[in-house]
$ cat start_23.cif   # mmCIF, C-alpha atoms
data_work
loop_
_atom_site.label_atom_id
_atom_site.label_comp_id
_atom_site.auth_asym_id
_atom_site.auth_seq_id
_atom_site.Cartn_x
_atom_site.Cartn_y
_atom_site.Cartn_z
CA MET A 1 -4.32 -5.55 3.73
CA LYS A 2 -7.10 -6.43 6.15
CA VAL A 3 -9.02 -4.62 8.86
CA ARG A 4 -7.35 -5.68 12.12
CA ARG A 5 -9.15 -3.31 14.49
CA THR A 6 -12.37 -1.32 14.35
CA LEU A 7 -12.48 1.60 16.77
CA LYS A 8 -16.08 2.22 17.82
CA GLY A 9 -17.10 5.10 20.04
CA HIS A 10 -17.80 8.20 18.00
CA LEU A 11 -21.47 9.06 17.57
CA ALA A 12 -21.15 11.27 14.48
CA LYS A 13 -19.02 11.85 11.39
CA ILE A 14 -15.28 11.58 12.00
CA TYR A 15 -13.37 14.39 10.34
CA ALA A 16 -9.75 13.96 11.41
CA MET A 17 -7.22 11.61 12.97
CA GLN A 18 -3.49 11.48 13.65
CA TRP A 19 -1.20 8.78 15.00
CA ALA A 20 1.01 9.44 18.00
CA ALA A 21 4.77 9.05 17.62
CA ASP A 22 4.62 5.97 19.88
CA LYS A 23 2.94 4.02 17.01
CA ARG A 24 0.28 2.78 19.40
CA HIS A 25 -2.04 5.69 20.19
CA LEU A 26 -4.06 7.91 17.92
CA VAL A 27 -6.39 10.86 18.29
CA SER A 28 -9.63 11.37 16.37
CA GLY A 29 -12.06 14.27 16.16
CA SER A 30 -15.73 13.94 15.38
CA GLN A 31 -18.73 16.22 15.10
CA ASP A 32 -20.20 14.50 18.13
CA GLY A 33 -18.09 17.12 19.95
CA LYS A 34 -15.51 14.68 21.26
CA LEU A 35 -11.80 14.27 20.81
CA LEU A 36 -10.99 10.61 21.52
CA VAL A 37 -7.50 9.27 22.24
CA TRP A 38 -7.32 5.56 21.41
CA ASP A 39 -5.00 2.69 22.14
CA ALA A 40 -5.01 1.03 18.71
CA TYR A 41 -3.70 -2.28 20.06
CA THR A 42 -6.50 -2.83 22.56
CA THR A 43 -9.11 -0.50 20.90
CA ASN A 44 -9.62 1.11 24.33
CA LYS A 45 -10.29 4.81 24.69
CA VAL A 46 -7.60 6.42 26.84
CA PHE A 47 -9.13 9.90 26.92
CA ALA A 48 -12.48 11.35 25.85
CA ILE A 49 -12.16 15.11 25.67
CA PRO A 50 -15.34 17.21 25.37
CA LEU A 51 -14.92 20.08 22.90
CA ARG A 52 -16.43 23.55 23.29
CA SER A 53 -17.41 23.50 19.63
CA SER A 54 -18.59 20.25 18.05
CA TRP A 55 -17.71 21.53 14.56
CA VAL A 56 -14.25 20.00 14.61
CA MET A 57 -12.27 19.76 11.34
CA THR A 58 -8.78 18.82 12.49
CA CYS A 59 -6.87 17.23 15.33
CA ALA A 60 -3.20 16.61 16.06
CA TYR A 61 -0.94 14.70 18.45
CA SER A 62 2.26 16.33 19.71
CA PRO A 63 5.48 14.36 19.01
CA SER A 64 6.10 13.88 22.75
CA GLY A 65 2.59 12.49 23.27
CA ARG A 66 1.89 15.05 25.99
CA TYR A 67 -0.62 17.17 24.09
CA VAL A 68 -3.39 16.94 21.53
CA ALA A 69 -4.93 19.82 19.60
CA SER A 70 -8.13 20.41 17.69
CA GLY A 71 -9.92 23.14 15.77
CA GLY A 72 -12.70 23.80 13.32
CA LEU A 73 -15.50 26.24 12.69
CA ASP A 74 -14.74 28.02 15.98
CA ASN A 75 -11.63 29.55 14.26
CA THR A 76 -9.64 28.47 17.34
CA CYS A 77 -6.85 25.97 17.91
CA SER A 78 -7.45 24.35 21.30
CA ILE A 79 -4.54 22.53 22.99
CA TYR A 80 -5.27 19.85 25.60
CA SER A 81 -2.75 18.38 28.00
CA LEU A 82 -2.77 14.59 28.43
CA GLN A 83 -0.50 14.72 31.50
CA THR A 84 -3.39 13.95 33.82
CA ASP A 85 -5.13 10.82 35.08
CA THR A 86 -8.54 12.24 34.27
CA ASN A 87 -10.02 13.65 31.08
CA PRO A 88 -8.88 17.23 30.44
CA ALA A 89 -12.11 19.16 30.93
CA ARG A 90 -10.84 22.36 29.40
CA PRO A 91 -8.07 23.41 27.02
CA ALA A 92 -4.63 24.21 28.41
CA ARG A 93 -4.37 26.86 25.66
CA GLU A 94 -6.68 28.43 23.10
CA LEU A 95 -4.95 30.03 20.13
CA VAL A 96 -7.11 32.74 18.55
CA ALA A 97 -6.10 34.87 15.56
CA HIS A 98 -7.58 33.26 12.45
CA SER A 99 -10.63 34.98 10.97
CA GLY A 100 -11.80 31.78 9.26
CA TYR A 101 -12.29 28.13 10.15
CA LEU A 102 -9.31 26.04 11.26
CA SER A 103 -8.73 23.36 8.61
CA CYS A 104 -5.54 21.71 9.86
CA CYS A 105 -3.02 21.89 12.70
CA ARG A 106 0.33 20.15 13.24
CA PHE A 107 2.75 20.29 16.18
CA LEU A 108 6.42 21.07 15.46
CA ASP A 109 7.08 20.22 19.12
CA ASP A 110 5.36 20.79 22.48
CA HIS A 111 6.02 24.53 22.22
CA GLN A 112 5.16 25.32 18.60
CA ILE A 113 2.24 24.45 16.34
CA VAL A 114 1.31 25.42 12.76
CA THR A 115 -2.33 26.02 11.82
CA SER A 116 -4.04 26.51 8.45
CA SER A 117 -7.32 28.26 7.92
CA GLY A 118 -10.18 29.20 5.62
CA ASP A 119 -8.96 32.80 5.93
CA THR A 120 -6.24 31.81 3.34
CA SER A 121 -3.40 31.97 5.87
CA CYS A 122 -1.20 29.66 7.93
CA ILE A 123 0.10 30.71 11.37
CA LEU A 124 3.04 29.49 13.46
CA TRP A 125 2.25 29.74 17.17
CA ASP A 126 4.14 29.82 20.43
CA VAL A 127 1.94 27.45 22.44
CA ASP A 128 3.20 28.46 25.89
CA GLY A 129 2.63 32.16 25.35
CA GLY A 130 -0.44 31.71 23.18
CA GLN A 131 1.20 34.14 20.74
CA LYS A 132 1.39 34.26 16.95
CA LEU A 133 5.05 33.94 15.88
CA ALA A 134 4.60 34.21 12.11
CA GLU A 135 1.88 34.40 9.51
CA PHE A 136 2.12 32.87 6.03
CA THR A 137 -0.15 34.54 3.48
CA ASP A 138 0.34 33.69 -0.19
CA HIS A 139 -2.66 31.52 -0.95
CA THR A 140 -5.70 33.11 -2.62
CA GLY A 141 -8.17 30.47 -1.42
CA ASP A 142 -9.05 28.60 1.76
CA VAL A 143 -6.03 26.61 2.99
CA MET A 144 -7.29 23.06 3.52
CA SER A 145 -4.30 21.04 4.66
CA LEU A 146 -0.71 21.24 5.82
CA SER A 147 2.16 18.83 6.31
CA LEU A 148 5.48 19.18 8.11
CA SER A 149 8.71 18.20 6.37
CA PRO A 150 11.31 15.91 7.99
CA ASN A 151 13.32 19.17 7.86
CA PRO A 152 11.79 21.07 10.80
CA ASN A 153 12.11 24.44 9.03
CA ILE A 154 9.86 23.54 6.11
CA PHE A 155 6.15 22.85 5.78
CA CYS A 156 3.72 22.65 2.87
CA SER A 157 0.10 23.62 2.42
CA GLY A 158 -2.66 22.92 -0.07
CA ALA A 159 -5.56 25.24 -0.78
CA CYS A 160 -8.75 25.93 -2.71
CA ASP A 161 -6.74 28.06 -5.14
CA ALA A 162 -5.60 24.64 -6.52
CA THR A 163 -1.97 25.28 -5.58
CA ALA A 164 0.35 23.61 -3.08
CA LYS A 165 2.99 25.84 -1.52
CA ILE A 166 6.25 25.17 0.31
CA TRP A 167 7.05 27.52 3.19
CA ASP A 168 10.34 28.20 4.97
CA ILE A 169 9.78 29.03 8.66
CA ARG A 170 13.20 30.76 8.93
CA LEU A 171 12.50 33.05 5.97
CA ARG A 172 8.83 33.40 6.99
CA LYS A 173 7.79 33.10 3.35
CA CYS A 174 6.70 30.87 0.47
CA VAL A 175 9.69 29.39 -1.36
CA GLN A 176 7.89 27.21 -3.95
CA SER A 177 4.45 26.91 -5.47
CA PHE A 178 3.02 23.99 -7.45
CA SER A 179 0.03 24.21 -9.77
CA GLY A 180 -1.61 21.61 -12.00
CA HIS A 181 -4.71 20.55 -10.10
CA GLU A 182 -7.99 21.64 -11.64
CA SER A 183 -9.90 22.02 -8.37
CA ASP A 184 -9.46 22.49 -4.61
CA ILE A 185 -6.55 20.67 -2.98
CA ASN A 186 -7.94 18.96 0.13
CA ALA A 187 -4.84 17.12 1.31
CA VAL A 188 -1.07 17.50 1.20
CA GLN A 189 1.58 15.19 2.59
CA PHE A 190 5.37 15.26 2.52
CA PHE A 191 7.10 12.31 0.90
CA PRO A 192 9.09 10.44 3.62
CA SER A 193 12.42 11.77 2.27
CA GLY A 194 11.16 15.36 2.35
CA ASP A 195 12.11 15.86 -1.33
CA ALA A 196 8.57 15.72 -2.70
CA ILE A 197 4.95 16.27 -1.71
CA GLY A 198 1.79 14.39 -2.52
CA THR A 199 -1.53 16.18 -3.05
CA GLY A 200 -5.17 15.05 -3.24
CA SER A 201 -7.87 17.15 -4.87
CA ASP A 202 -11.55 17.49 -5.71
CA ASP A 203 -10.49 16.98 -9.37
CA ALA A 204 -10.36 13.21 -8.56
CA SER A 205 -6.56 13.04 -8.91
CA CYS A 206 -3.60 12.75 -6.58
CA ARG A 207 -0.28 14.18 -7.74
CA LEU A 208 3.37 14.04 -6.79
CA PHE A 209 5.46 17.22 -6.99
CA ASP A 210 9.25 17.21 -6.63
CA LEU A 211 10.86 20.08 -4.71
CA ARG A 212 14.28 19.77 -6.34
CA ALA A 213 13.00 19.41 -9.91
CA ASP A 214 10.31 22.04 -9.15
CA ARG A 215 7.71 20.17 -11.19
CA GLN A 216 4.99 17.52 -11.19
CA LEU A 217 6.45 14.01 -11.31
CA ASN A 218 3.34 11.88 -11.44
CA MET A 219 -0.43 11.92 -11.43
CA TYR A 220 -2.68 9.23 -9.91
CA ALA A 221 -6.10 9.04 -11.51
CA ASN A 222 -8.42 6.50 -13.08
CA GLU A 223 -11.34 6.83 -15.51
CA GLN A 224 -13.54 4.90 -13.09
CA ILE A 225 -12.89 7.31 -10.21
CA PHE A 226 -14.87 10.53 -10.45
CA CYS A 227 -15.02 11.60 -6.82
CA GLY A 228 -12.72 13.81 -4.82
CA ILE A 229 -9.92 12.92 -2.42
CA THR A 230 -10.23 13.97 1.21
CA SER A 231 -6.90 12.75 2.62
CA ILE A 232 -3.62 11.10 1.62
CA ALA A 233 -0.69 9.30 3.24
CA PHE A 234 2.51 7.62 2.07
CA SER A 235 3.83 4.25 3.16
CA ILE A 236 7.07 4.51 5.15
CA SER A 237 9.19 3.79 2.03
CA GLY A 238 7.12 6.17 -0.08
CA ARG A 239 6.38 3.44 -2.62
CA LEU A 240 2.64 3.44 -1.88
CA LEU A 241 0.25 6.38 -1.77
CA PHE A 242 -3.01 5.87 0.12
CA GLY A 243 -5.92 8.12 -0.77
CA GLY A 244 -9.21 8.51 1.10
CA TYR A 245 -12.05 9.06 -1.36
CA ASP A 246 -15.63 10.27 -1.33
CA ASP A 247 -16.68 6.90 -2.83
CA TYR A 248 -16.27 5.22 0.61
CA SER A 249 -12.98 3.52 -0.28
CA CYS A 250 -9.27 4.00 0.15
CA HIS A 251 -7.40 3.58 -3.15
CA VAL A 252 -3.75 2.55 -3.12
CA TRP A 253 -1.34 3.81 -5.80
CA ASP A 254 2.19 2.80 -6.79
CA THR A 255 4.00 6.13 -6.41
CA LEU A 256 6.68 5.22 -8.95
CA ARG A 257 4.62 3.61 -11.70
CA GLY A 258 1.45 5.62 -11.21
CA ASP A 259 -0.73 2.49 -11.27
CA ARG A 260 -3.54 1.71 -8.88
CA VAL A 261 -2.44 -1.39 -6.98
CA GLY A 262 -5.40 -1.90 -4.67
CA ALA A 263 -8.46 -0.56 -2.94
CA LEU A 264 -9.57 -0.96 0.65
CA HIS A 265 -13.32 -1.31 1.04
CA GLY A 266 -14.71 -1.41 4.55
CA HIS A 267 -16.42 1.88 5.27
CA GLU A 268 -20.06 2.69 4.62
CA ASN A 269 -19.56 6.40 4.02
CA ARG A 270 -16.91 8.88 2.88
CA VAL A 271 -13.35 8.20 4.08
CA SER A 272 -12.54 11.59 5.61
CA CYS A 273 -9.08 11.03 7.09
CA LEU A 274 -6.27 8.53 7.13
CA GLY A 275 -2.75 8.11 8.44
CA VAL A 276 0.14 5.66 8.46
CA SER A 277 1.79 4.95 11.82
CA SER A 278 5.38 6.13 12.22
CA ASP A 279 6.82 2.60 11.93
CA GLY A 280 4.85 2.10 8.70
CA LYS A 281 3.15 -1.04 9.98
CA ALA A 282 -0.46 0.16 10.16
CA LEU A 283 -2.87 2.37 8.26
CA CYS A 284 -5.83 3.96 10.03
CA THR A 285 -8.85 5.26 8.12
CA GLY A 286 -11.62 7.40 9.60
CA SER A 287 -15.01 7.88 8.02
CA TRP A 288 -18.35 9.64 8.11
CA ASP A 289 -19.76 6.21 9.10
CA HIS A 290 -18.54 7.07 12.68
CA LEU A 291 -15.85 4.34 12.61
CA LEU A 292 -12.07 4.19 12.53
CA LYS A 293 -10.44 1.09 11.02
CA VAL A 294 -6.85 -0.03 11.47
CA TRP A 295 -5.42 -1.98 8.51
CA THR A 296 -2.20 -3.99 8.26
#
$ encode --input "start_23.cif" --output "structure tokens"
Amino acid sequence: MKVRRTLKGHLAKIYAMQWAADKRHLVSGSQDGKLLVWDAYTTNKVFAIPLRSSWVMTCAYSPSGRYVASGGLDNTCSIYSLQTDTNPARPARELVAHSGYLSCCRFLDDHQIVTSSGDTSCILWDVDGGQKLAEFTDHTGDVMSLSLSPNPNIFCSGACDATAKIWDIRLRKCVQSFSGHESDINAVQFFPSGDAIGTGSDDASCRLFDLRADRQLNMYANEQIFCGITSIAFSISGRLLFGGYDDYSCHVWDTLRGDRVGALHGHENRVSCLGVSSDGKALCTGSWDHLLKVWT
């Protein structure tokens, strides 16, 4: 894999990114107080959205491409509409209920979004009404990451209590919990089939947990890697697991065999976020070096 595009424009550490469903656009959030929407083909910025709080920790793209969301130390999930010719100057909605920082947010659709927070809870929101629809409280530490299943009723979360939990939106409760990590879980991601989840932790390992077998299937670690994992993503087949590490690189693991099959070096600081486009053809990494890189 090589760097095909470098997206330059942020003036501070990038903390989060997500691809749009159209495989072409992506959104990134940085502590320069900007949410940037990019065209990854041309490297042009389509929107530059000024944030009320520059302490952004997460951003998300709605499946329809009509909205983006962000949140962070302001404890608020701000939704911005992209259905304008000009930059959205202010949020279309601000969702306030968390008593701790917003660590992650993901759209189910244009009308519902799930957020996770340092207050140990996850919340499902009605975007249009700005109302809390359900609260998910089983973690005993800051929830750091969440991922939606291909099954729209299920999502997973990873937290500083070193557990990853599976939640059923219909039942409004936790239906499975996975332990094994020895430190905070910073990243969770559903396997493409929805039958397993990947996790990345400060204990310098990534792991694969199977929902049907209710156990850990594999662990991805190496004696030479001591640093934590900030973010993970699967290839479209699920055969490869990409991990963003504090050592400035992105390590690539064979999900089945558990071997490290490569490393992507290109950033000059911590890789803080990464994502694979929905057609599986491109990987984007974001870093504290202020840059996003698109790899194919």
$ resolve_selection --input "start_23.cif" --expression "the PyMOL selection byres ((chain A and resi 51) around 10)" --output "PDB file with C-alpha atoms, keeping the file's coordinate frame"
ATOM      1  CA  GLY A  29     -12.060  14.270  16.160  1.00  0.00           C
ATOM      2  CA  SER A  30     -15.730  13.940  15.380  1.00  0.00           C
ATOM      3  CA  GLN A  31     -18.730  16.220  15.100  1.00  0.00           C
ATOM      4  CA  ASP A  32     -20.200  14.500  18.130  1.00  0.00           C
ATOM      5  CA  GLY A  33     -18.090  17.120  19.950  1.00  0.00           C
ATOM      6  CA  LYS A  34     -15.510  14.680  21.260  1.00  0.00           C
ATOM      7  CA  LEU A  35     -11.800  14.270  20.810  1.00  0.00           C
ATOM      8  CA  ALA A  48     -12.480  11.350  25.850  1.00  0.00           C
ATOM      9  CA  ILE A  49     -12.160  15.110  25.670  1.00  0.00           C
ATOM     10  CA  PRO A  50     -15.340  17.210  25.370  1.00  0.00           C
ATOM     11  CA  ARG A  52     -16.430  23.550  23.290  1.00  0.00           C
ATOM     12  CA  SER A  53     -17.410  23.500  19.630  1.00  0.00           C
ATOM     13  CA  SER A  54     -18.590  20.250  18.050  1.00  0.00           C
ATOM     14  CA  TRP A  55     -17.710  21.530  14.560  1.00  0.00           C
ATOM     15  CA  VAL A  56     -14.250  20.000  14.610  1.00  0.00           C
ATOM     16  CA  SER A  70      -8.130  20.410  17.690  1.00  0.00           C
ATOM     17  CA  GLY A  71      -9.920  23.140  15.770  1.00  0.00           C
ATOM     18  CA  SER A  78      -7.450  24.350  21.300  1.00  0.00           C
ATOM     19  CA  ALA A  89     -12.110  19.160  30.930  1.00  0.00           C
ATOM     20  CA  ARG A  90     -10.840  22.360  29.400  1.00  0.00           C
ATOM     21  CA  PRO A  91      -8.070  23.410  27.020  1.00  0.00           C
TER      22      PRO A  91
END
$ atom_distance --input "start_23.cif" --atom1 "atom CA of A:Ser249" --atom2 "atom CA of A:Ala164"
24.3 Å
$ residues_around --input "start_23.cif" --residues "stretch 252-263 of chain A" --least-positions-apart "3" --cutoff "12 Å" --atoms "all atoms listed in the file" --output "VMD selection string"
chain A and resid 1 to 2 191 196 to 199 205 to 209 217 to 225 232 to 235 237 to 245 247 to 249 266 to 267 283 295
$ residues_around --input "start_23.cif" --residues "A:Leu292" --least-positions-apart "6" --cutoff "8 Å" --atoms "only C-alpha atoms" --output "list in words"
Thr6, Leu7, Lys8, Cys284, Thr285 and Gly286 of chain A
$ resolve_selection --input "start_23.cif" --expression "the PyMOL selection byres ((chain A and resi 23) around 7)" --output "PyMOL selection string"
chain A and resi 19-22+24-25+277-279
$ write_last_selection --input "start_23.cif" --atoms "C-alpha atoms" --output "short mmCIF file (atom, residue, chain, number, x, y, z; two decimals), in the frame of the given file"
data_model
loop_
_atom_site.label_atom_id
_atom_site.label_comp_id
_atom_site.auth_asym_id
_atom_site.auth_seq_id
_atom_site.Cartn_x
_atom_site.Cartn_y
_atom_site.Cartn_z
CA TRP A 19 -1.20 8.78 15.00
CA ALA A 20 1.01 9.44 18.00
CA ALA A 21 4.77 9.05 17.62
CA ASP A 22 4.62 5.97 19.88
CA ARG A 24 0.28 2.78 19.40
CA HIS A 25 -2.04 5.69 20.19
CA SER A 277 1.79 4.95 11.82
CA SER A 278 5.38 6.13 12.22
CA ASP A 279 6.82 2.60 11.93
#
$ atom_distance --input "start_23.cif" --atom1 "atom CA of A:Leu26" --atom2 "atom CA of A:Trp38"
5.3 Å
$ atom_distance --input "start_23.cif" --atom1 "atom CA of A:Leu36" --atom2 "atom CA of A:Asp128"
23.2 Å
$ residues_near_point --input "start_23.cif" --point "(-9.6, 11.5, 4.7)" --cutoff "6 Å" --atoms "all atoms listed in the file" --output "NGL selection string"
:A and (230-231 or 244 or 271-274)
$ resolve_selection --input "start_23.cif" --expression "the PyMOL selection byres ((chain A and resi 95) around 9)" --output "VMD selection string"
chain A and resid 75 to 79 93 to 94 96 to 98 125 127 130 to 132
$ residues_around --input "start_23.cif" --residues "stretch 81-86 of chain A" --least-positions-apart "2" --cutoff "7 Å" --atoms "all atoms listed in the file" --output "list in words"
Arg66, Tyr67, Val68, Ile79, Pro88 and Ala92 of chain A
$ residues_around --input "start_23.cif" --residues "A:Ser177" --least-positions-apart "6" --cutoff "7 Å" --atoms "all atoms listed in the file" --output "ChimeraX atom specification"
/A:163-166
$ axis_aligned_box --input "start_23.cif" --around "stretch 223-231 of chain A" --padding-each-side "4 Å" --output "AutoDock Vina command-line options"
--center_x -11.0 --center_y 9.4 --center_z -6.4 --size_x 16.1 --size_y 17.1 --size_z 26.1
$ closest_residue --input "start_23.cif" --among "A:Val143, A:Cys174, A:Ile236, A:Leu102" --to "A:Met57" --atoms "only C-alpha atoms"
A:Leu102
$ closest_residue --input "start_23.cif" --among "A:Asp110, A:Glu268, A:Asp119, A:Asp202" --to "A:Leu73" --atoms "only C-alpha atoms"
A:Asp119
